[in-house]
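Chemist: What follows is entry_6.pdb; its format and atoms are PDB, C-alpha atoms and all ligand atoms.
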MODEL        1
ATOM      1  CA  MET M  21      -7.365   4.295  26.917  1.00  0.00           C
ATOM      2  CA  ILE M  22      -7.360   0.572  27.588  1.00  0.00           C
ATOM      3  CA  LYS M  23      -7.040  -0.919  31.034  1.00  0.00           C
ATOM      4  CA  ILE M  24      -4.247  -3.439  31.367  1.00  0.00           C
ATOM      5  CA  GLY M  25      -3.986  -6.148  34.002  1.00  0.00           C
ATOM      6  CA  VAL M  26      -0.440  -7.443  34.395  1.00  0.00           C
ATOM      7  CA  LEU M  27       0.280 -10.868  35.903  1.00  0.00           C
ATOM      8  CA  VAL M  28       3.754 -11.306  37.394  1.00  0.00           C
ATOM      9  CA  SER M  29       5.785 -13.678  39.545  1.00  0.00           C
ATOM     10  CA  GLY M  30       9.221 -12.094  39.786  1.00  0.00           C
ATOM     11  CA  SER M  31      11.409  -9.068  39.236  1.00  0.00           C
ATOM     12  CA  GLY M  32       9.033  -7.220  36.910  1.00  0.00           C
ATOM     13  CA  THR M  33      11.376  -5.436  34.515  1.00  0.00           C
ATOM     14  CA  ASN M  34       8.838  -5.968  31.731  1.00  0.00           C
ATOM     15  CA  LEU M  35       6.090  -4.603  33.955  1.00  0.00           C
ATOM     16  CA  GLN M  36       8.305  -1.562  34.522  1.00  0.00           C
ATOM     17  CA  SER M  37       8.725  -1.061  30.775  1.00  0.00           C
ATOM     18  CA  ILE M  38       4.943  -1.175  30.277  1.00  0.00           C
ATOM     19  CA  ILE M  39       4.292   1.255  33.138  1.00  0.00           C
ATOM     20  CA  ASP M  40       7.011   3.648  31.916  1.00  0.00           C
ATOM     21  CA  ALA M  41       5.723   3.535  28.332  1.00  0.00           C
ATOM     22  CA  SER M  42       2.179   4.297  29.473  1.00  0.00           C
ATOM     23  CA  PHE M  43       3.391   7.181  31.672  1.00  0.00           C
ATOM     24  CA  ARG M  44       5.310   8.557  28.659  1.00  0.00           C
ATOM     25  CA  GLY M  45       2.143   8.335  26.551  1.00  0.00           C
ATOM     26  CA  GLU M  46       3.595   5.679  24.246  1.00  0.00           C
ATOM     27  CA  VAL M  47       0.813   3.262  25.179  1.00  0.00           C
ATOM     28  CA  ASP M  48      -2.799   4.408  25.014  1.00  0.00           C
ATOM     29  CA  GLY M  49      -3.585   2.555  28.189  1.00  0.00           C
ATOM     30  CA  GLU M  50      -2.922   2.317  31.882  1.00  0.00           C
ATOM     31  CA  VAL M  51      -1.863  -0.527  34.111  1.00  0.00           C
ATOM     32  CA  ALA M  52      -5.003  -0.869  36.229  1.00  0.00           C
ATOM     33  CA  ILE M  53      -3.935  -3.813  38.410  1.00  0.00           C
ATOM     34  CA  VAL M  54      -0.851  -5.956  38.983  1.00  0.00           C
ATOM     35  CA  ILE M  55      -1.422  -9.457  40.316  1.00  0.00           C
ATOM     36  CA  SER M  56       1.358 -11.677  41.595  1.00  0.00           C
ATOM     37  CA  ASN M  57       1.131 -15.306  42.656  1.00  0.00           C
ATOM     38  CA  ASN M  58       4.275 -14.686  44.706  1.00  0.00           C
ATOM     39  CA  ALA M  59       4.090 -12.303  47.667  1.00  0.00           C
ATOM     40  CA  SER M  60       7.804 -11.458  47.516  1.00  0.00           C
ATOM     41  CA  ALA M  61       7.887 -10.526  43.807  1.00  0.00           C
ATOM     42  CA  PHE M  62       9.777  -7.245  43.356  1.00  0.00           C
ATOM     43  CA  ALA M  63       7.273  -6.435  40.595  1.00  0.00           C
ATOM     44  CA  LEU M  64       4.777  -5.586  43.359  1.00  0.00           C
ATOM     45  CA  THR M  65       7.100  -2.889  44.718  1.00  0.00           C
ATOM     46  CA  ARG M  66       7.531  -1.444  41.230  1.00  0.00           C
ATOM     47  CA  ALA M  67       3.742  -1.112  40.878  1.00  0.00           C
ATOM     48  CA  GLU M  68       3.261   0.311  44.379  1.00  0.00           C
ATOM     49  CA  ASP M  69       5.973   2.908  43.695  1.00  0.00           C
ATOM     50  CA  LYS M  70       3.816   4.183  40.836  1.00  0.00           C
ATOM     51  CA  GLY M  71       0.579   4.092  42.836  1.00  0.00           C
ATOM     52  CA  ILE M  72      -0.808   1.136  40.879  1.00  0.00           C
ATOM     53  CA  PRO M  73      -3.114  -1.274  42.763  1.00  0.00           C
ATOM     54  CA  THR M  74      -1.629  -4.707  43.477  1.00  0.00           C
ATOM     55  CA  ARG M  75      -2.982  -8.041  44.680  1.00  0.00           C
ATOM     56  CA  VAL M  76      -1.256 -11.216  45.755  1.00  0.00           C
ATOM     57  CA  VAL M  77      -3.175 -14.330  44.727  1.00  0.00           C
ATOM     58  CA  SER M  78      -1.120 -17.357  45.699  1.00  0.00           C
ATOM     59  CA  HIS M  79      -1.800 -20.495  43.689  1.00  0.00           C
ATOM     60  CA  LYS M  80      -1.003 -22.417  46.882  1.00  0.00           C
ATOM     61  CA  GLY M  81      -4.262 -21.206  48.419  1.00  0.00           C
ATOM     62  CA  PHE M  82      -6.419 -23.062  45.876  1.00  0.00           C
ATOM     63  CA  PRO M  83      -7.206 -26.769  45.467  1.00  0.00           C
ATOM     64  CA  ASP M  84      -6.784 -26.740  41.675  1.00  0.00           C
ATOM     65  CA  ARG M  85      -5.659 -24.546  38.785  1.00  0.00           C
ATOM     66  CA  ARG M  86      -9.165 -23.740  37.641  1.00  0.00           C
ATOM     67  CA  ARG M  87     -10.178 -22.235  40.987  1.00  0.00           C
ATOM     68  CA  PHE M  88      -6.945 -20.234  41.177  1.00  0.00           C
ATOM     69  CA  ASP M  89      -7.634 -18.916  37.675  1.00  0.00           C
ATOM     70  CA  MET M  90     -11.237 -18.004  38.540  1.00  0.00           C
ATOM     71  CA  GLU M  91      -9.947 -15.873  41.396  1.00  0.00           C
ATOM     72  CA  LEU M  92      -7.614 -14.112  38.932  1.00  0.00           C
ATOM     73  CA  VAL M  93     -10.585 -13.507  36.607  1.00  0.00           C
ATOM     74  CA  LYS M  94     -12.583 -12.049  39.484  1.00  0.00           C
ATOM     75  CA  VAL M  95      -9.842  -9.576  40.399  1.00  0.00           C
ATOM     76  CA  LEU M  96      -9.188  -8.616  36.747  1.00  0.00           C
ATOM     77  CA  ASN M  97     -12.892  -8.076  36.067  1.00  0.00           C
ATOM     78  CA  GLY M  98     -13.117  -5.970  39.225  1.00  0.00           C
ATOM     79  CA  PHE M  99     -10.745  -3.545  37.488  1.00  0.00           C
ATOM     80  CA  ASN M 100     -12.544  -3.761  34.093  1.00  0.00           C
ATOM     81  CA  VAL M 101      -9.420  -4.990  32.398  1.00  0.00           C
ATOM     82  CA  ASP M 102      -9.389  -4.960  28.551  1.00  0.00           C
ATOM     83  CA  LEU M 103      -6.056  -6.729  28.138  1.00  0.00           C
ATOM     84  CA  VAL M 104      -4.174  -9.220  30.306  1.00  0.00           C
ATOM     85  CA  ALA M 105      -0.381  -9.048  29.916  1.00  0.00           C
ATOM     86  CA  LEU M 106       1.685 -11.889  31.334  1.00  0.00           C
ATOM     87  CA  ALA M 107       5.089 -10.556  32.342  1.00  0.00           C
ATOM     88  CA  GLY M 108       7.209 -13.290  33.861  1.00  0.00           C
ATOM     89  CA  PHE M 109       4.106 -15.019  35.243  1.00  0.00           C
ATOM     90  CA  MET M 110       5.208 -18.545  36.099  1.00  0.00           C
ATOM     91  CA  ARG M 111       1.826 -20.318  35.920  1.00  0.00           C
ATOM     92  CA  VAL M 112       0.094 -21.852  32.908  1.00  0.00           C
ATOM     93  CA  LEU M 113      -3.439 -20.503  32.509  1.00  0.00           C
ATOM     94  CA  THR M 114      -6.408 -22.846  32.084  1.00  0.00           C
ATOM     95  CA  PRO M 115      -8.779 -22.798  29.083  1.00  0.00           C
ATOM     96  CA  GLU M 116     -11.457 -21.513  31.489  1.00  0.00           C
ATOM     97  CA  PHE M 117      -9.361 -18.414  32.181  1.00  0.00           C
ATOM     98  CA  LEU M 118      -8.754 -17.801  28.476  1.00  0.00           C
ATOM     99  CA  GLU M 119     -12.486 -18.068  27.706  1.00  0.00           C
ATOM    100  CA  HIS M 120     -13.006 -14.941  29.799  1.00  0.00           C
ATOM    101  CA  PHE M 121     -10.511 -12.928  27.728  1.00  0.00           C
ATOM    102  CA  PRO M 122     -10.663 -14.250  24.146  1.00  0.00           C
ATOM    103  CA  GLY M 123      -7.832 -12.741  22.050  1.00  0.00           C
ATOM    104  CA  ARG M 124      -7.017 -10.495  24.973  1.00  0.00           C
ATOM    105  CA  VAL M 125      -4.150 -12.264  26.753  1.00  0.00           C
ATOM    106  CA  MET M 126      -0.526 -11.621  25.744  1.00  0.00           C
ATOM    107  CA  ASN M 127       2.774 -13.116  26.870  1.00  0.00           C
ATOM    108  CA  ILE M 128       6.444 -12.343  26.317  1.00  0.00           C
ATOM    109  CA  HIS M 129       8.936 -15.140  25.806  1.00  0.00           C
ATOM    110  CA  PRO M 130      12.747 -14.822  25.676  1.00  0.00           C
ATOM    111  CA  ALA M 131      13.316 -16.758  22.435  1.00  0.00           C
ATOM    112  CA  LEU M 132      12.286 -16.702  18.803  1.00  0.00           C
ATOM    113  CA  LEU M 133       9.217 -18.925  18.941  1.00  0.00           C
ATOM    114  CA  PRO M 134       8.413 -21.559  17.867  1.00  0.00           C
ATOM    115  CA  SER M 135      12.067 -22.359  18.673  1.00  0.00           C
ATOM    116  CA  PHE M 136      12.841 -22.882  22.332  1.00  0.00           C
ATOM    117  CA  PRO M 137       9.481 -22.765  24.118  1.00  0.00           C
ATOM    118  CA  GLY M 138       9.325 -23.423  27.866  1.00  0.00           C
ATOM    119  CA  LEU M 139      11.985 -22.717  30.487  1.00  0.00           C
ATOM    120  CA  GLY M 140      15.788 -22.310  30.500  1.00  0.00           C
ATOM    121  CA  VAL M 141      15.676 -21.198  26.894  1.00  0.00           C
ATOM    122  CA  ARG M 142      18.672 -18.826  26.730  1.00  0.00           C
ATOM    123  CA  GLN M 143      21.084 -21.584  27.753  1.00  0.00           C
ATOM    124  CA  LYS M 144      19.340 -23.958  25.349  1.00  0.00           C
ATOM    125  CA  ALA M 145      19.844 -21.462  22.509  1.00  0.00           C
ATOM    126  CA  ILE M 146      23.566 -21.092  23.355  1.00  0.00           C
ATOM    127  CA  ASP M 147      24.006 -24.856  23.682  1.00  0.00           C
ATOM    128  CA  HIS M 148      22.300 -25.437  20.343  1.00  0.00           C
ATOM    129  CA  GLY M 149      24.771 -23.079  18.649  1.00  0.00           C
ATOM    130  CA  VAL M 150      22.169 -20.853  17.004  1.00  0.00           C
ATOM    131  CA  ARG M 151      23.424 -17.564  15.530  1.00  0.00           C
ATOM    132  CA  PHE M 152      20.294 -15.657  16.504  1.00  0.00           C
ATOM    133  CA  SER M 153      17.833 -15.662  19.327  1.00  0.00           C
ATOM    134  CA  GLY M 154      15.553 -12.942  20.603  1.00  0.00           C
ATOM    135  CA  CYS M 155      12.125 -12.454  22.068  1.00  0.00           C
ATOM    136  CA  THR M 156       8.513 -12.888  21.069  1.00  0.00           C
ATOM    137  CA  VAL M 157       5.261 -11.285  22.169  1.00  0.00           C
ATOM    138  CA  HIS M 158       2.337 -13.532  21.337  1.00  0.00           C
ATOM    139  CA  PHE M 159      -1.310 -14.013  22.145  1.00  0.00           C
ATOM    140  CA  VAL M 160      -1.828 -16.807  24.625  1.00  0.00           C
ATOM    141  CA  ASP M 161      -3.658 -19.946  23.575  1.00  0.00           C
ATOM    142  CA  GLN M 162      -4.063 -23.231  25.420  1.00  0.00           C
ATOM    143  CA  GLY M 163      -0.519 -24.424  24.743  1.00  0.00           C
ATOM    144  CA  VAL M 164       2.721 -23.295  26.345  1.00  0.00           C
ATOM    145  CA  ASP M 165       4.277 -20.481  24.253  1.00  0.00           C
ATOM    146  CA  THR M 166       2.317 -21.573  21.169  1.00  0.00           C
ATOM    147  CA  GLY M 167      -0.131 -18.722  20.477  1.00  0.00           C
ATOM    148  CA  PRO M 168      -0.279 -16.359  17.463  1.00  0.00           C
ATOM    149  CA  ILE M 169       2.848 -14.191  17.205  1.00  0.00           C
ATOM    150  CA  ILE M 170       2.520 -10.399  17.344  1.00  0.00           C
ATOM    151  CA  ILE M 171       6.098  -9.107  17.301  1.00  0.00           C
ATOM    152  CA  GLN M 172       9.595 -10.560  17.470  1.00  0.00           C
ATOM    153  CA  ALA M 173      13.045  -9.045  17.916  1.00  0.00           C
ATOM    154  CA  THR M 174      16.351 -10.752  17.170  1.00  0.00           C
ATOM    155  CA  VAL M 175      19.759 -10.551  18.807  1.00  0.00           C
ATOM    156  CA  PRO M 176      22.972 -12.283  17.800  1.00  0.00           C
ATOM    157  CA  VAL M 177      24.153 -15.290  19.828  1.00  0.00           C
ATOM    158  CA  TYR M 178      27.853 -16.109  20.142  1.00  0.00           C
ATOM    159  CA  PRO M 179      29.241 -19.555  20.979  1.00  0.00           C
ATOM    160  CA  ASP M 180      31.076 -18.241  24.057  1.00  0.00           C
ATOM    161  CA  ASP M 181      28.092 -16.296  25.435  1.00  0.00           C
ATOM    162  CA  ARG M 182      27.235 -16.732  29.075  1.00  0.00           C
ATOM    163  CA  GLU M 183      23.548 -17.142  29.829  1.00  0.00           C
ATOM    164  CA  GLU M 184      23.401 -13.837  31.747  1.00  0.00           C
ATOM    165  CA  GLN M 185      24.969 -12.016  28.812  1.00  0.00           C
ATOM    166  CA  LEU M 186      22.394 -13.325  26.370  1.00  0.00           C
ATOM    167  CA  GLN M 187      19.638 -12.711  28.895  1.00  0.00           C
ATOM    168  CA  GLU M 188      20.586  -9.022  29.155  1.00  0.00           C
ATOM    169  CA  ARG M 189      20.875  -8.662  25.392  1.00  0.00           C
ATOM    170  CA  ILE M 190      17.385 -10.120  24.962  1.00  0.00           C
ATOM    171  CA  LEU M 191      15.835  -8.282  27.915  1.00  0.00           C
ATOM    172  CA  ARG M 192      16.768  -4.894  26.458  1.00  0.00           C
ATOM    173  CA  LEU M 193      14.616  -5.747  23.450  1.00  0.00           C
ATOM    174  CA  GLU M 194      11.810  -7.253  25.518  1.00  0.00           C
ATOM    175  CA  HIS M 195      11.389  -3.832  27.083  1.00  0.00           C
ATOM    176  CA  LYS M 196      10.941  -2.286  23.636  1.00  0.00           C
ATOM    177  CA  ILE M 197       8.651  -4.811  21.985  1.00  0.00           C
ATOM    178  CA  TYR M 198       6.181  -5.511  24.809  1.00  0.00           C
ATOM    179  CA  PRO M 199       4.959  -1.904  25.085  1.00  0.00           C
ATOM    180  CA  LYS M 200       4.821  -1.756  21.275  1.00  0.00           C
ATOM    181  CA  ALA M 201       2.656  -4.891  21.068  1.00  0.00           C
ATOM    182  CA  ILE M 202       0.334  -3.449  23.698  1.00  0.00           C
ATOM    183  CA  GLN M 203       0.113  -0.155  21.835  1.00  0.00           C
ATOM    184  CA  LEU M 204      -0.792  -1.975  18.591  1.00  0.00           C
ATOM    185  CA  PHE M 205      -3.555  -3.744  20.536  1.00  0.00           C
ATOM    186  CA  ALA M 206      -4.714  -0.480  22.123  1.00  0.00           C
ATOM    187  CA  GLN M 207      -4.882   1.112  18.664  1.00  0.00           C
ATOM    188  CA  GLY M 208      -7.069  -1.762  17.450  1.00  0.00           C
ATOM    189  CA  ARG M 209      -4.492  -2.638  14.787  1.00  0.00           C
ATOM    190  CA  LEU M 210      -4.170  -6.378  15.542  1.00  0.00           C
ATOM    191  CA  LYS M 211      -6.376  -8.943  13.827  1.00  0.00           C
ATOM    192  CA  ILE M 212      -5.976 -12.639  14.659  1.00  0.00           C
ATOM    193  CA  GLU M 213      -6.742 -15.048  11.800  1.00  0.00           C
ATOM    194  CA  GLY M 214      -5.926 -18.616  12.764  1.00  0.00           C
ATOM    195  CA  ARG M 215      -2.222 -18.733  13.613  1.00  0.00           C
ATOM    196  CA  LYS M 216      -1.511 -15.336  12.058  1.00  0.00           C
ATOM    197  CA  VAL M 217      -1.735 -11.827  13.442  1.00  0.00           C
ATOM    198  CA  PHE M 218      -2.325  -9.173  10.767  1.00  0.00           C
ATOM    199  CA  ILE M 219      -1.209  -5.651  11.661  1.00  0.00           C
ATOM    200  CA  ASP M 220      -3.150  -2.792  10.206  1.00  0.00           C
ATOM    201  CA  GLY M 221      -0.922  -0.387   8.255  1.00  0.00           C
ATOM    202  CA  LEU M 222       2.210  -2.594   8.245  1.00  0.00           C
ATOM    203  CA  LYS M 223       4.398  -2.126   5.155  1.00  0.00           C
ATOM    204  CA  LYS M 224       6.769  -4.818   3.922  1.00  0.00           C
ATOM    205  CA  ASP M 225      10.514  -4.119   3.964  1.00  0.00           C
ATOM    206  CA  GLU M 226      12.156  -6.542   1.548  1.00  0.00           C
ATOM    207  CA  ASP M 227      15.672  -5.361   2.528  1.00  0.00           C
ATOM    208  CA  GLN M 228      15.481  -5.751   6.302  1.00  0.00           C
ATOM    209  CA  CYS M 229      17.909  -8.420   7.493  1.00  0.00           C
ATOM    210  CA  MET M 230      20.568  -9.394  10.026  1.00  0.00           C
ATOM    211  CA  ILE M 231      23.466 -11.695   9.222  1.00  0.00           C
ATOM    212  CA  ASN M 232      25.624 -13.274  11.910  1.00  0.00           C
ATOM    213  CA  PRO M 233      28.546 -13.463  11.462  1.00  0.00           C
ATOM    214  CA  PRO M 234      28.428 -10.395   9.231  1.00  0.00           C
ATOM    215  CA  LEU M 235      29.576 -10.795   5.615  1.00  0.00           C
ATOM    216  CA  HIS M 236      32.482  -8.332   6.005  1.00  0.00           C
ATOM    217  CA  ILE M 237      34.546 -10.441   8.466  1.00  0.00           C
TER     218      ILE M 237
HETATM  219  C1  LIG M 301      11.406 -12.373  30.901  1.00  0.00           C
HETATM  220  O1  LIG M 301      12.607 -12.851  30.388  1.00  0.00           O
HETATM  221  C2  LIG M 301      10.248 -12.834  30.055  1.00  0.00           C
HETATM  222  O2  LIG M 301      10.603 -13.000  28.716  1.00  0.00           O
HETATM  223  C3  LIG M 301       9.906 -14.167  30.670  1.00  0.00           C
HETATM  224  O3  LIG M 301      10.120 -14.010  32.044  1.00  0.00           O
HETATM  225  C4  LIG M 301      11.065 -12.970  32.266  1.00  0.00           C
HETATM  226  C5  LIG M 301      10.432 -11.973  33.170  1.00  0.00           C
HETATM  227  O4  LIG M 301      11.321 -10.973  33.583  1.00  0.00           O
HETATM  228  N1  LIG M 301       8.559 -14.533  30.332  1.00  0.00           N
HETATM  229  P1  LIG M 301      10.791  -9.715  34.353  1.00  0.00           P
HETATM  230  O5  LIG M 301      10.084 -10.227  35.625  1.00  0.00           O
HETATM  231  O6  LIG M 301       9.870  -8.960  33.464  1.00  0.00           O
HETATM  232  O7  LIG M 301      12.031  -8.939  34.709  1.00  0.00           O
ENDMDL
END
Take the structure from the file and write it as structure tokens.
Ligand code: GRF

Modeler:
Amino acid sequence: MIKIGVLVSGSGTNLQSIIDASFRGEVDGEVAIVISNNASAFALTRAEDKGIPTRVVSHKGFPDRRRFDMELVKVLNGFNVDLVALAGFMRVLTPEFLEHFPGRVMNIHPALLPSFPGLGVRQKAIDHGVRFSGCTVHFVDQGVDTGPIIIQATVPVYPDDREEQLQERILRLEHKIYPKAIQLFAQGRLKIEGRKVFIDGLKKDEDQCMINPPLHI
């Protein structure tokens, strides 16, 4: 059973999916602590409802990013966290933070990286006219949304999509792939080699594909 520390800033639907998966026994781990930099994040209520310890650590209370991050490290270490999962955490972590958890920090991003890193990415995907977008769980490195990719899921994008529509389509898959990525980590099946993440026991499927628009139209 691994101990997971989840960092949040907002609504916490991904946090909820991780908690629910661990309660169902689909993740060999437990959420040991939820930390928010925002005192009014609904994610905190979600954790409290399940009896999970929470802390608010506001970045505004620290003179620089490094000292904010060191406070996060202190809290996470206080709960003997094995894995740090960023779930809608709106701060970029410093190299000093990452040194404390090498290969043990994950993030979820609502696009198919390396396309559309950063913010506002669903609208950017629609505006670009792509036929697919999706979501990515990756290990965190020093860049923004640049770390080694663990799992991705695709959804179709349509030219007349509204941002909220695409957001919902992607979010449904986020809630499936984040717990899965964490379970692969908990099972010790992930090996990082440079940019690549090798998954123990993964078999290739040469026929798996999605085509949008489909060929039969
Ligand atoms: C998600 O779309 C996630 O991909 C991004 O931030 C959002 C967080 O949503 N990193 P929630 O707080 O988990 O509902």

Chemist: To test the calculation: enclose all listed atoms of segment 57-69 of chain M in a box whose edges run along x, y and z, add 8 Å on each side, then state centre and edge lengths in Å to one decimal, as JSON.

Modeler:
{"center_x": 5.5, "center_y": -6.2, "center_z": 44.1, "size_x": 24.6, "size_y": 34.2, "size_z": 23.1}

Chemist: Measure the distance from atom CA of Arg75 of chain M to atom CA of Tyr198 of chain M in Å and round it to one decimal.

Modeler: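 Spanning atom CA of Arg75 of chain M to atom CA of Tyr198 of chain M is a straight-line distance of 22.0 Å.
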
Chemist: Do you know which residues are within 9 Å of ligand LIG 301 (chain M) using all atoms listed in the file? Can you write them as a PyMOL selection string?

Modeler: chain M and resi 28-37+61-63+106-110+127-131+139+155-157+187-188+190-191+194-195

Chemist: Would you list the contacts of Cys229 of chain M as a PyMOL selection string, taking every protein, DNA or RNA residue within 12 Å and counting only C-alpha atoms, but skipping same-chain residues closer than 3 positions in sequence?

Modeler: chain M and resi 152+173-175+225-226+232+234

Chemist: Can you spell out as a list in words the set of residues that the PyMOL selection byres (((chain M and resi 68) around 12) and not hetatm) selects in the structure I just provided?

Modeler: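 On this input, the PyMOL selection byres (((chain M and resi 68) around 12) and not hetatm) captures Leu35, Gln36, Ile39, Val51, Ala52, Ile53, Val54, Ile55, Ala61, Phe62, Ala63, Leu64, Thr65, Arg66, Ala67, Asp69, Lys70, Gly71, Ile72, Pro73, Thr74 and Arg75 of chain M.
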
Chemist: Choose the residue, out of M:Glu116, M:Asp161, M:Glu184, M:Glu50, that has the smallest atom-to-atom separation from Arg142 of chain M; count only C-alpha atoms.

Modeler: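 The answer is M:Glu184, which sits nearest to Arg142 of chain M.
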
Chemist: Given the PyMOL selection byres (((chain M and resi 168) around 8) and not hetatm) and the file above, list the residues it selects as a list of chain:residue names.

Modeler: M:His158, M:Phe159, M:Val160, M:Asp161, M:Thr166, M:Gly167, M:Ile169, M:Ile170, M:Ile212, M:Gly214, M:Arg215, M:Lys216, M:Val217

Chemist: Could you list as a PyMOL selection string every residue that has an atom within 12 Å of (15.1, -24.8, 15.2), using the file's coordinates and counting only C-alpha atoms?

Modeler: chain M and resi 131-137+144-145+148-153

Chemist: May I have the protein, DNA and RNA residues with any atom at most 9 Å from the point (3.3, -25.3, 32.0), counting all atoms listed in the file, written as a VMD selection string?

Modeler: chain M and resid 110 to 113 138 163 to 164

Chemist: I need the residue set behind the PyMOL selection byres (((chain M and resi 78) around 9) and not hetatm) for this file; please write it as a list in words.

Modeler: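 Evaluating the PyMOL selection byres (((chain M and resi 78) around 9) and not hetatm) on this file yields Ser56, Asn57, Asn58, Ala59, Val76, Val77, His79, Lys80, Gly81, Phe82 and Phe88 of chain M.
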
Chemist: May I ask which of the residues M:Gln143, M:Ser60, M:Gln203, M:Gln172 is the closest one to Gln185 of chain M, counting all atoms listed in the file?

Modeler: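 Closest candidate: M:Gln143.
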
Chemist: Just give me the gap between atom CA of Pro83 of chain M and atom CA of Val104 of chain M in Å, one decimal is fine.

Modeler: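 Straight-line distance from atom CA of Pro83 of chain M to atom CA of Val104 of chain M works out to 23.4 Å.
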
Chemist: Tell me which protein, DNA and RNA residues are within 10 Å of His120 of chain M, counting all atoms listed in the file, leaving out same-chain ones fewer than 4 positions away, and put them as a PyMOL selection string.

Modeler: chain M and resi 90+93+97+115-116+124-125

Chemist: In Å, with one decimal, what is the gap from atom CA of Asp48 of chain M to atom CA of Met21 of chain M?

Modeler: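 Value for the atom CA of Asp48 of chain M-atom CA of Met21 of chain M distance: 4.9 Å.
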
Chemist: Of the candidates M:Ile24, M:Leu92, M:Ile219, M:Val141, which shows the shortest atom-to-atom distance to Leu118 of chain M, using only C-alpha atoms?

Modeler: M:Leu92
